[in-house]
Amino acid sequence: MGKGNGGGAGTPGTRRGTRKQGEPVADSLAVAGGEITYLEAIREALFEEMERDPDVFCLGEDIGAYGGAFKVTEGLAARFGESRVIDTPISEIAIVGAAAGAAHMGLRPVCEMQFIDFISCAYDMLTNYVATARYRAFLPTPMVVRGPSGGYVRGGPFHSQNPEAAFLHTPGLKIVYPATASDAKGLMKAAIRDEDCVLFFEHKYLYRRIKETMPAGDHIVPIGKARIAREGKDVSIITYAATVWKALEAAEILEREHGLSVEVLDLRSLLPMDDDAIVATVKKTNRVLIVHEDTRTGGIAGEITARIMELAFEWLDAPVLRVTAADVPLPYSPPLEDYVLPQTADIVVAVRKLAAY
Amino acid sequence: MGKGNGGGAGTPGTRRGTRKQGEPVADSLAVAGGEITYLEAIREALFEEMERDPDVFCLGEDIGAYGGAFKVTEGLAARFGESRVIDTPISEIAIVGAAAGAAHMGLRPVCEMQFIDFISCAYDMLTNYVATARYRAFLPTPMVVRGPSGGYVRGGPFHSQNPEAAFLHTPGLKIVYPATASDAKGLMKAAIRDEDCVLFFEHKYLYRRIKETMPAGDHIVPIGKARIAREGKDVSIITYAATVWKALEAAEILEREHGLSVEVLDLRSLLPMDDDAIVATVKKTNRVLIVHEDTRTGGIAGEITARIMELAFEWLDAPVLRVTAADVPLPYSPPLEDYVLPQTADIVVAVRKLAAY
Amino acid sequence: MATRARGGRPAAAPVPAALDPEVPGSAAALLTREQKLELYYWMRLTRSLEERLVNLYRQTKVVGGLFRSLGQEADAVGSAFALDKARGDILSPLIRNMGAMLVRGAEPTEIIRQYMAKGDSPTRGRELNIHFGGPERGFIGQISHLGDMVPVMAGVTLSFRMRGQDRVGLVYIGDGATSTGAFHEGINFAAVQRCPLVVIIENNGYAYSTPTWKQTAAKQFVDKAAGYGIPGERADGNDVIATYDVTKRAVERARRGGGVTLIELMTYRRKGHAEHDNQSYVPDGEIAKWEENNDPLARYVRQLTDLVGATGEELAAIDARVLEEIDTATDVAEQSPMPEPTDALVGIYDEPKTVEPLWFRSGVKSAVEQNERPAGWGTYDG
Amino acid sequence: MATRARGGRPAAAPVPAALDPEVPGSAAALLTREQKLELYYWMRLTRSLEERLVNLYRQTKVVGGLFRSLGQEADAVGSAFALDKARGDILSPLIRNMGAMLVRGAEPTEIIRQYMAKGDSPTRGRELNIHFGGPERGFIGQISHLGDMVPVMAGVTLSFRMRGQDRVGLVYIGDGATSTGAFHEGINFAAVQRCPLVVIIENNGYAYSTPTWKQTAAKQFVDKAAGYGIPGERADGNDVIATYDVTKRAVERARRGGGVTLIELMTYRRKGHAEHDNQSYVPDGEIAKWEENNDPLARYVRQLTDLVGATGEELAAIDARVLEEIDTATDVAEQSPMPEPTDALVGIYDEPKTVEPLWFRSGVKSAVEQNERPAGWGTYDG
Ligand SMILES: Cc1ncc(C[n+]2csc(CCOP(=O)(O)OP(=O)(O)O)c2C)c(N)n1
Ligand SMILES: Cc1ncc(C[n+]2csc(CCOP(=O)(O)OP(=O)(O)O)c2C)c(N)n1
Ligand SMILES: [Mg+2]
Ligand SMILES: [Mg+2]
């Protein structure tokens with residue numbers, strides 16, 4: 001897909017993964033210093049954390065010898081043994097529940113949902129059991145639930161979901177959703193070391209499409225801190241995950257074609273949310289567009305808008321606007337999916353409207 | 001509880017149910033023309049709809065001979081037989097899934113969740129199967145999922161939930177949450193006749209605490225239309241369910257003690273939401289407080305705020321503020337529950353702040 | 001429940017008079033020669049249509065993953081054949097039950113269009129592969145979330161019982177999907193309610209890469225029947241006649257008010273979970289063994305020759321007809337248009353019929369027109 | 001895993017040397033006279049403490065519903081007694097397993113404080129009735145959502161296996177809760193992983209108002225064992241010795257790497273689901289029959305007299321000790337303070353330790369001080 005097209009998130013670096021399907025993986029740990037993909041960055045974080053801490057283990061469907069549907073856990077079973085990389089039955093309730101039980105006992109489980117869409121099956125266990133354990137029973141439940149999320153991949157209604165809004169109103173959970181390879185690695189390491197349950201959403205469109213050299217050493221990205229993906233002064237775009245790339249693409253177009261200076265704030269963590277960073281960008285540009293891939297109504301843009309209202313109403317020169325998916329189950333066929341999901345051109349339209357307000 | 005206290009929603013009419021626990025119910029259909037409770041209004045709607053349409057049936061745990069944990073379905077089995085008022089196993093996934101299958105075949109199932117907290121177990125079935133059926137497969141799925149919701153009853157973290165925010169971002173579902181007995185009846189009848197799946201949340205604090213004479217005839221309240229619970233001109237409170245009564249109580253205090261004229265908009269329907277009514281009240285008072293009982297972060301106030309931003313930003317003389325529960329799992333002990341849930345005094349404080357802005 | 005007339009295809013099986021659900025062999029014994037040849041036709045159509053889809057997939061004309069039932073055609077076809085179209089029986093297929101859908105009236109054109117994400121596919125491009133259907137057609141489309149169709153079919157068949165209809169439902173579940181909570185709740189609900197439902201566990205040895213011993217510690221899946229208080233039977237799913245027989249007896253039991261039956265059909269998934277899967281996890285020689293000794297089509301050809309004296313010419317003629325039908329279907333499907341983007345906004349609710357387009361949606365048309373080749377975005381799963 | 005010393009109470013059971021998990025009676029045969037009297041103590045404590053709670057409930061000092069295990073004391077006590085405190089075994093109780101919690105070290109004071117929503121209750125007023133515990137105490141508190149503790153205990157015992165510990169877990173599940181997806185997924189997961197877990201189905205005839213025949217079509221719940229590939233046993237849950245024996249053998253099997261056992265304990269719920277429930281749905285005479293012929297305490301008194309020659313004085317002394325302990329506990333609990341409102345904001349996450357109070361929260365203190373009597377707000381369920 002060429003740059004500027006609407007079909008997928010605009011991305012720097014490679015368009016495809018580094019490895020063809022079925023090709024063997026020479027070494028699952030990247031050669032030190034080389035560029036690695038978003039997917040490999042997650043794998044590297046898992047490797048490093050399992051190496052560092054014998055209490056870390058993975059469980060999920062087909063994650064052992066097979067390495068998972070997307071091969072995120074490839075090589076882990078070979079390195080750490082199948083008892084630390086457990087192939088489970090198709091039982092999302094049990095995967096999450098068993099992880100919680102093991103976490104109470106001091107282990108640090110990392111659960112894979114084969115697609116994040118299946119986290120819905122464990123909704124009760126996560127929101128009622130896991131999220132409340134510390135509060136109601138003083139039971140620490142340090143665990144991670146991770147999985148491929150998001151659309152732009154022709155996955156249809158059940159392999160493209162963005163579940164963050166469903167968990168945002170559950171105190172006790174944390175939610176991260178990285179947009180870059182180094183954030184993916186650093187947040188995964190932070191999530192595994194966190195003393196509470198972290199939902200770690202991985203954008204599958206980004207898995208093999210972006211590459212980056214990892215920062216040296218024990219690279220940790222703290223949970224709860226946003227990142228300025230691009231500095232600007234006219235309009236702020238607040239976003240996360242794949243649409244960060246669309247926002248950056250739009251920002252380039254807006255600068256080039258319309259002379260607008262756009263700031264892009266990548267939230268990275270959704271719960272807790274970085275209010276300071278949000279307020280700072282509002283105060284800087286006084287105009288805010290929120291972009292997310294999830295459906296509009298009930299999407300997390302609402303919460304961000306409410307916080308801006310409360311914390312920085314006086315600083316707004318224009319209404320906070322939203323570019324989001326339309327309120328429909330995500331359809332599969334490319335023309336339909338492209339129409340429903342937010343595209344770069346939409347962001348351009350919306351930013352121009354805000355700038356002219 | 002005396003008026004003005006914080007312990008529960010302020011209510012007109014009776015403070016207690018019309019019937020003591022264990023006392024027999026003389027006739028489950030109210031005497032025509034008399035006042036009936038919120039709970040009886042729901043039961044009356046079920047009676048009338050089952051009488052009218054043989055395709056309507058109920059299913060859930062202990063709803064048959066026993067009449068349900070709160071006795072909402074009391075008398076239905078005796079009148080319509082146990083094959084139309086089905087006692088099910090403890091299987092929320094199956095209750096909702098079987099209802100969907102039956103609905104495809106032209107029946108109109110009404111599912112009871114014994115407490116709405118258990119709807120979380122059917123989260124996958126509702127959001128993935130039911131909500132998408134019409135869109136992805138042209139399968140009509142006319143069904144209702146109803147159950148006792150909400151706090152102020154010392155129910156603890158698992159018998160007090162308000163699940164509306166979890167379902168708000170699921171296109172294909174409808175959500176209603178009535179605050180008065182006549183709305184409860186009218187919305188239940190509308191929900192049963194609706195061609196899509198309606199989540200019908202019943203506030204258990206209101207079950208036996210409010211009474212009203214039902215409008216005569218086939219009383220239907222259309223889904224998607226808000227109701228002005230009190231007219232006012234200085235500040236608008238947008239709310240729904242039990243906190244409507246708290247808002248009304250606060251409005252009285254504000255008028256009496258502070259000379260403020262407060263408008264209270266009872267949303268009644270949360271999905272679809274009545275944008276016209278929201279915009280109208282914003283334009284009228286230019287100051288808005290949103291009140292809900294659910295936790296703050298990710299609660300539905302965010303969505304309402306975003307809509308006001310988009311539709312009526314220019315009309316705002318003050319930021320839209322929120323009075324909500326604190327972001328914690330709802331604790332059980334009275335002092336804790338009272339502290340966490342929004343109280344009348346909080347609304348007074350917030351409205352005064354808005355009025356002075 | 002009108003039977004959809006299909007030009008050139010054999011008619012639906014007549015309902016045999018006096019089946020005794022308890023006697024193995026009793027149902028199959030009533031099959032006519034014509035019906036036996038028809039079974040061959042459906043199995044051949046299944047296999048050849050999937051082979052055609054593989055070609056289209058390699059040409060990147062398929063959008064997303066491709067799922068094969070190679071080696072499992074007998075189990076899908078034999079079981080679906082046991083339902084009664086005229087009576088309005090309904091089944092709910094899985095990803096490896098294309099054969100069952102064909103038997104019940106799905107058209108090859110529809111399936112190819114669906115796999116190509118065409119605008120005139122049965123879901124108008126909204127859902128993928130064989131996720132389509134409707135009660136009036138005798139099959140209800142699955143969703144991806146495994147297990148969910150079991151409670152749904154419990155409800156479909158509950159409606160049959162509540163209305164006093166003599167219709168029967170059939171739902172398939174994979175060995176892997178028996179581990180889901182939805183399966184458990186659904187089959188238990190149906191058993192208690194004595195719904196006229198047949199539940200078939202297709203034991204094909206794997207769930208994606210996971211062998212059955214990592215899925216359950218049970219010796220056999222049919223051992224689950226007693227825990228639900230329902231009859232259970234196990235049969236050779238690669239023998240189309242045995243599959244038909246065991247299903248038909250369960251169907252008749254259900255029709256007579258005998259409630260739910262659990263059937264375990266033994267078969268084997270010879271291809272990967274989907275086309276991308278290289279089956280690295282399969283022990284050496286296992287696939288070859290099944291291919292050589294236990295191919296359901298090869299076995300059935302031998303049976304047909306022995307049992308009803310089918311000739312090579314007869315079978316070749318069926319093969320030819322199948323290929324011709326598939327060629328036609330491919331041509332038709334390839335010419336089908338992609339969906340109109342704005343159709344995405346239609347039909348989320350009964351009312352309003354259409355969602356308003358979002359205000360910023362101006363520049364999209366051109367974006368849509370510049371799509372990358374769809375196959376490039378295929379996901380790894382169905 | 002230090003055993004918590006409890007003044008005046010009998011010490012924990014010593015671990016018998018050579019149990020053969022396959023021989024019924026083998027485990028109980030090793031019980032000492034002292035242990036047999038201890039069993040009586042726990043059952044009596046359970047019953048008397050619940051009776052005290054009924055008094056407090058009638059005085060509206062209990063906040064919310066009250067749940068009884070009248071007639072089920074043997075099943076909770078006998079099974080919990082089969083675990084080994086010194087080794088660090090862990091169980092997860094249900095609402096009717098107060099007896100099991102007492103055996104494992106829960107204090108009457110804690111239970112009364114918890115039922116009264118006191119600030120120094122084990123959950124500091126956050127959770128209700130007997131929803132409390134922690135691994136270090138040998139029992140983990142349940143949540144209301146039925147079935148969820150089965151996967152959780154699968155994980156707890158998975159950790160035992162992964163770390164090569166010889167600890168065992170025990171999880172209870174009601175007849176009704178066997179219908180949940182969580183139960184199914186959890187027991188299957190544990191069975192496949194050969195977790196050292198004992199699963200006890202407490203068949204007390206009802207789930208709220210629902211009799212078992214509306215819950216499952218199975219003849220007996222233990223028939224589910226084969227479907228999970230695990231051993232199953234059924235025993236008389238109103239016979240404390242039989243309950244101990246069957247559980248102890250399963251515990252030893254688990255400890256030796258034999259994986260999960262499913263036990264069905266037959267008992268009967270003599271009171272309603274909770275105190276408010278008038279049991280209108282129970283057939284006439286059913287409760288009386290169980291009360292007269294099958295009261296676990298009365299049965300055990302007879303057994304004790306026959307087996308170990310317990311004297312009336314011995315038992316009366318235990319009864320007196322129990323009442324004294326309960327009196328003391330009640331006095332202590334009644335004097336406990338209610339929680340401080342702002343404690344509600346502490347400990348949702350490890351970091352930050354405390355949530356900020358919401359800005360509008362000024363007038364609440366007084367509202368809280370004017371509370372209506374808490375019992376008035378009781379819900380109908382636990
Ligand atoms: C609830 C749920 N979890 C996970 C998946 C991902 N998934 C899709 S197919 C599959 C394997 C299914 O195996 P089986 O049930 O044996 O069916 P088969 O593919 O062998 O026909 C998995 C894990 C899913 N679709 N749904
Ligand atoms: C998932 C779920 N659904 C419904 C309920 C409501 N509920 C609480 S206890 C109960 C009955 C439980 O019966 P059973 O499992 O037999 O246990 P018993 O009360 O007989 O000990 C029900 C339906 C619940 N707690 N959780
Ligand atoms: Mg399989
Ligand atoms: Mg029970």
# chains A, B, ... in the order shown; residues from 1 in each chain; ligands from 1
>>> interface_residues(of="chain B", to="chain A", cutoff="8 Å", atoms="only C-alpha atoms", output="PyMOL selection string")
chain B and resi 118+120-124+128+132+135-136+158+165-172+295-306+309-310+313+318-321+327-329+331
>>> residues_around(residues="Ile111 in chain C", least_positions_apart="6", cutoff="10 Å", atoms="only C-alpha atoms", output="number ranges by chain")
C: 49-50, 53, 98, 101-102, 117, 121-122, 128-132, 329-330, 333
>>> residues_near_ligand(ligand="ligand 4", cutoff="10 Å", atoms="only C-alpha atoms and all ligand atoms", output="JSON, numbers by chain")
{"D": [96, 173, 174, 175, 176, 177, 178, 201, 202, 203, 204, 205, 206, 207, 208, 209, 210, 211, 212, 215, 267, 268, 269, 273]}
>>> write_last_selection(atoms="N, CA, C and O atoms", output="compact mmCIF listing (two decimals), in the first residue's frame")
# COMPACT_ATOMS: atom_id res chain seq x y z
N ARG D 96 -21.67 -21.93 51.83
CA ARG D 96 -22.09 -22.90 52.84
C ARG D 96 -20.92 -23.71 53.41
O ARG D 96 -21.09 -24.81 53.92
N ILE D 173 -17.90 -26.76 44.86
CA ILE D 173 -18.80 -26.20 43.85
C ILE D 173 -20.20 -26.73 44.16
O ILE D 173 -20.36 -27.90 44.49
N GLY D 174 -21.20 -25.86 44.09
CA GLY D 174 -22.57 -26.31 44.36
C GLY D 174 -23.13 -27.11 43.19
O GLY D 174 -22.64 -27.02 42.07
N ASP D 175 -24.15 -27.90 43.47
CA ASP D 175 -24.83 -28.59 42.37
C ASP D 175 -25.23 -27.60 41.29
O ASP D 175 -25.03 -27.83 40.09
N GLY D 176 -25.75 -26.45 41.70
CA GLY D 176 -26.17 -25.46 40.72
C GLY D 176 -25.02 -24.90 39.93
O GLY D 176 -25.10 -24.74 38.71
N ALA D 177 -23.94 -24.63 40.60
CA ALA D 177 -22.82 -23.97 39.94
C ALA D 177 -22.06 -24.88 38.98
O ALA D 177 -21.25 -24.40 38.19
N THR D 178 -22.37 -26.19 39.01
CA THR D 178 -21.76 -27.05 37.98
C THR D 178 -22.23 -26.67 36.58
O THR D 178 -21.61 -27.06 35.60
N ILE D 201 -18.23 -31.50 44.57
CA ILE D 201 -19.57 -31.02 44.27
C ILE D 201 -20.43 -31.27 45.50
O ILE D 201 -20.60 -32.41 45.92
N GLU D 202 -20.93 -30.20 46.07
CA GLU D 202 -21.83 -30.33 47.22
C GLU D 202 -23.24 -30.41 46.69
O GLU D 202 -23.85 -29.38 46.37
N ASN D 203 -23.76 -31.62 46.61
CA ASN D 203 -25.12 -31.78 46.10
C ASN D 203 -26.09 -31.70 47.27
O ASN D 203 -26.32 -32.68 47.97
N ASN D 204 -26.64 -30.50 47.45
CA ASN D 204 -27.59 -30.30 48.56
C ASN D 204 -29.01 -30.18 48.05
O ASN D 204 -29.89 -29.66 48.72
N GLY D 205 -29.23 -30.67 46.83
CA GLY D 205 -30.60 -30.78 46.33
C GLY D 205 -31.17 -29.55 45.66
O GLY D 205 -32.07 -29.66 44.82
N TYR D 206 -30.64 -28.41 46.00
CA TYR D 206 -31.20 -27.17 45.46
C TYR D 206 -30.12 -26.16 45.10
O TYR D 206 -29.05 -26.12 45.72
N ALA D 207 -30.43 -25.36 44.12
CA ALA D 207 -29.69 -24.14 43.85
C ALA D 207 -30.76 -23.04 43.99
O ALA D 207 -31.66 -22.96 43.15
N TYR D 208 -30.65 -22.29 45.08
CA TYR D 208 -31.73 -21.35 45.40
C TYR D 208 -33.05 -22.15 45.38
O TYR D 208 -33.17 -23.09 46.16
N SER D 209 -33.98 -21.85 44.48
CA SER D 209 -35.23 -22.62 44.45
C SER D 209 -35.19 -23.78 43.46
O SER D 209 -36.18 -24.52 43.34
N THR D 210 -34.09 -23.90 42.74
CA THR D 210 -34.06 -24.83 41.61
C THR D 210 -33.59 -26.22 42.03
O THR D 210 -32.46 -26.37 42.49
N PRO D 211 -34.44 -27.24 41.88
CA PRO D 211 -34.02 -28.60 42.23
C PRO D 211 -33.03 -29.13 41.19
O PRO D 211 -32.99 -28.64 40.06
N THR D 212 -32.25 -30.11 41.60
CA THR D 212 -31.18 -30.57 40.71
C THR D 212 -31.70 -31.07 39.36
O THR D 212 -31.00 -30.95 38.36
N GLN D 215 -31.42 -28.62 36.88
CA GLN D 215 -30.05 -28.13 36.71
C GLN D 215 -29.28 -29.02 35.75
O GLN D 215 -28.43 -28.56 35.00
N THR D 267 -25.86 -34.26 50.28
CA THR D 267 -26.31 -33.64 51.51
C THR D 267 -27.63 -32.95 51.23
O THR D 267 -28.27 -33.22 50.21
N TYR D 268 -28.04 -32.10 52.13
CA TYR D 268 -29.35 -31.46 51.95
C TYR D 268 -29.36 -30.09 52.63
O TYR D 268 -28.93 -29.95 53.77
N ARG D 269 -29.87 -29.10 51.89
CA ARG D 269 -29.93 -27.73 52.42
C ARG D 269 -31.23 -27.57 53.19
O ARG D 269 -32.29 -27.40 52.58
N HIS D 273 -32.30 -20.55 50.68
CA HIS D 273 -31.06 -20.07 50.06
C HIS D 273 -30.37 -19.08 51.00
O HIS D 273 -29.18 -19.16 51.23
>>> residues_around(residues="Tyr240 in chain A", least_positions_apart="3", cutoff="6 Å", atoms="only C-alpha atoms", output="number ranges by chain")
A: 244, 266-268
>>> write_last_selection(atoms="C-alpha atoms", output="compact mmCIF listing (two decimals), in the first residue's frame")
# COMPACT_ATOMS: atom_id res chain seq x y z
CA VAL A 244 -0.74 7.05 15.83
CA ASP A 266 0.57 8.87 21.75
CA LEU A 267 -1.13 7.88 24.97
CA ARG A 268 0.48 4.41 25.17
>>> interface_residues(of="chain B", to="chain C", cutoff="8 Å", atoms="only C-alpha atoms", output="ChimeraX atom specification")
/B:83,88-89,91,93-105,107,125,128-129,132,134-139,171-172,195-196
>>> select_by_dssp(residues="range 23-213 of chain D", states="strand (DSSP E)", output="mmCIF file with N, CA, C and O atoms, in the first residue's frame")
data_model
loop_
_atom_site.group_PDB
_atom_site.id
_atom_site.type_symbol
_atom_site.label_atom_id
_atom_site.label_comp_id
_atom_site.auth_asym_id
_atom_site.auth_seq_id
_atom_site.Cartn_x
_atom_site.Cartn_y
_atom_site.Cartn_z
ATOM 1 N N ILE D 90 -4.418 -25.580 50.443
ATOM 2 C CA ILE D 90 -5.317 -24.420 50.341
ATOM 3 C C ILE D 90 -6.681 -24.864 49.838
ATOM 4 O O ILE D 90 -6.765 -25.661 48.896
ATOM 5 N N LEU D 91 -7.732 -24.329 50.422
ATOM 6 C CA LEU D 91 -9.068 -24.609 49.881
ATOM 7 C C LEU D 91 -9.777 -23.307 49.548
ATOM 8 O O LEU D 91 -9.391 -22.233 50.013
ATOM 9 N N SER D 92 -10.789 -23.443 48.729
ATOM 10 C CA SER D 92 -11.621 -22.288 48.409
ATOM 11 C C SER D 92 -13.068 -22.628 48.747
ATOM 12 O O SER D 92 -13.671 -23.489 48.109
ATOM 13 N N GLY D 169 -4.737 -28.534 46.642
ATOM 14 C CA GLY D 169 -5.843 -27.584 46.705
ATOM 15 C C GLY D 169 -7.182 -28.302 46.701
ATOM 16 O O GLY D 169 -7.292 -29.439 46.227
ATOM 17 N N LEU D 170 -8.165 -27.627 47.232
ATOM 18 C CA LEU D 170 -9.522 -28.188 47.285
ATOM 19 C C LEU D 170 -10.487 -27.065 46.936
ATOM 20 O O LEU D 170 -10.383 -25.964 47.491
ATOM 21 N N VAL D 171 -11.388 -27.331 46.018
ATOM 22 C CA VAL D 171 -12.385 -26.305 45.683
ATOM 23 C C VAL D 171 -13.777 -26.921 45.733
ATOM 24 O O VAL D 171 -13.980 -28.054 45.295
ATOM 25 N N TYR D 172 -14.697 -26.207 46.337
ATOM 26 C CA TYR D 172 -16.083 -26.657 46.425
ATOM 27 C C TYR D 172 -16.894 -26.021 45.301
ATOM 28 O O TYR D 172 -16.636 -24.895 44.890
ATOM 29 N N ILE D 173 -17.899 -26.756 44.857
ATOM 30 C CA ILE D 173 -18.800 -26.195 43.847
ATOM 31 C C ILE D 173 -20.203 -26.728 44.156
ATOM 32 O O ILE D 173 -20.363 -27.898 44.494
ATOM 33 N N GLY D 174 -21.203 -25.861 44.086
ATOM 34 C CA GLY D 174 -22.568 -26.314 44.358
ATOM 35 C C GLY D 174 -23.127 -27.110 43.194
ATOM 36 O O GLY D 174 -22.640 -27.023 42.069
ATOM 37 N N LEU D 197 -5.471 -31.057 42.635
ATOM 38 C CA LEU D 197 -6.708 -30.369 43.020
ATOM 39 C C LEU D 197 -7.828 -31.380 43.277
ATOM 40 O O LEU D 197 -8.026 -32.309 42.501
ATOM 41 N N VAL D 198 -8.549 -31.170 44.353
ATOM 42 C CA VAL D 198 -9.745 -31.964 44.640
ATOM 43 C C VAL D 198 -10.955 -31.063 44.412
ATOM 44 O O VAL D 198 -10.999 -29.950 44.931
ATOM 45 N N VAL D 199 -11.884 -31.530 43.607
ATOM 46 C CA VAL D 199 -13.097 -30.753 43.326
ATOM 47 C C VAL D 199 -14.271 -31.451 43.996
ATOM 48 O O VAL D 199 -14.550 -32.616 43.692
ATOM 49 N N ILE D 200 -14.918 -30.742 44.891
ATOM 50 C CA ILE D 200 -16.052 -31.338 45.601
ATOM 51 C C ILE D 200 -17.353 -30.687 45.163
ATOM 52 O O ILE D 200 -17.535 -29.476 45.328
ATOM 53 N N ILE D 201 -18.228 -31.499 44.572
ATOM 54 C CA ILE D 201 -19.573 -31.019 44.268
ATOM 55 C C ILE D 201 -20.429 -31.272 45.497
ATOM 56 O O ILE D 201 -20.597 -32.411 45.921
ATOM 57 N N GLU D 202 -20.927 -30.201 46.067
ATOM 58 C CA GLU D 202 -21.831 -30.331 47.215
ATOM 59 C C GLU D 202 -23.241 -30.406 46.695
ATOM 60 O O GLU D 202 -23.847 -29.381 46.375
ATOM 61 N N ASN D 203 -23.759 -31.616 46.611
ATOM 62 C CA ASN D 203 -25.116 -31.783 46.101
ATOM 63 C C ASN D 203 -26.086 -31.696 47.268
ATOM 64 O O ASN D 203 -26.325 -32.676 47.972
ATOM 65 N N TYR D 206 -30.639 -28.410 46.002
ATOM 66 C CA TYR D 206 -31.196 -27.171 45.462
ATOM 67 C C TYR D 206 -30.116 -26.163 45.096
ATOM 68 O O TYR D 206 -29.050 -26.125 45.723
ATOM 69 N N ALA D 207 -30.425 -25.362 44.123
ATOM 70 C CA ALA D 207 -29.694 -24.136 43.854
ATOM 71 C C ALA D 207 -30.757 -23.042 43.994
ATOM 72 O O ALA D 207 -31.656 -22.956 43.153
ATOM 73 N N THR D 210 -34.087 -23.900 42.736
ATOM 74 C CA THR D 210 -34.064 -24.832 41.606
ATOM 75 C C THR D 210 -33.589 -26.220 42.026
ATOM 76 O O THR D 210 -32.457 -26.370 42.486
ATOM 77 N N PRO D 211 -34.442 -27.236 41.884
ATOM 78 C CA PRO D 211 -34.023 -28.597 42.234
ATOM 79 C C PRO D 211 -33.027 -29.130 41.192
ATOM 80 O O PRO D 211 -32.985 -28.636 40.061
#
>>> residues_around(residues="range 224-232 of chain C", least_positions_apart="2", cutoff="8 Å", atoms="only C-alpha atoms", output="PyMOL selection string")
(chain C and resi 187-188+191+221-222+234+259-264) or (chain D and resi 216-228)
>>> decode(residues="range 162-169 of chain C", atoms="N, CA, C and O atoms", output="JSON list (two decimals), in the first residue's frame")
[["chain", "number", "residue", "atom", "x", "y", "z"],
["C", 162, "MET", "N", -41.16, -25.76, 22.06],
["C", 162, "MET", "CA", -42.22, -24.93, 22.62],
["C", 162, "MET", "C", -43.41, -24.83, 21.69],
["C", 162, "MET", "O", -44.54, -24.70, 22.13],
["C", 163, "ARG", "N", -43.11, -24.87, 20.40],
["C", 163, "ARG", "CA", -44.19, -24.73, 19.42],
["C", 163, "ARG", "C", -44.76, -26.07, 18.97],
["C", 163, "ARG", "O", -45.60, -26.11, 18.06],
["C", 164, "GLY", "N", -44.26, -27.13, 19.55],
["C", 164, "GLY", "CA", -44.77, -28.44, 19.18],
["C", 164, "GLY", "C", -44.45, -28.84, 17.75],
["C", 164, "GLY", "O", -45.17, -29.63, 17.13],
["C", 165, "GLN", "N", -43.39, -28.29, 17.20],
["C", 165, "GLN", "CA", -42.98, -28.67, 15.85],
["C", 165, "GLN", "C", -42.15, -29.94, 15.90],
["C", 165, "GLN", "O", -41.49, -30.21, 16.90],
["C", 166, "ASP", "N", -42.14, -30.70, 14.81],
["C", 166, "ASP", "CA", -41.32, -31.92, 14.82],
["C", 166, "ASP", "C", -39.99, -31.69, 14.11],
["C", 166, "ASP", "O", -39.46, -32.56, 13.45],
["C", 167, "ARG", "N", -39.45, -30.50, 14.28],
["C", 167, "ARG", "CA", -38.16, -30.17, 13.67],
["C", 167, "ARG", "C", -37.01, -30.53, 14.60],
["C", 167, "ARG", "O", -37.17, -30.60, 15.81],
["C", 168, "VAL", "N", -35.84, -30.70, 13.99],
["C", 168, "VAL", "CA", -34.66, -31.11, 14.75],
["C", 168, "VAL", "C", -33.50, -30.18, 14.41],
["C", 168, "VAL", "O", -33.41, -29.67, 13.29],
["C", 169, "GLY", "N", -32.63, -29.96, 15.36],
["C", 169, "GLY", "CA", -31.43, -29.17, 15.13],
["C", 169, "GLY", "C", -30.18, -30.00, 15.30],
["C", 169, "GLY", "O", -30.19, -31.04, 15.98]]
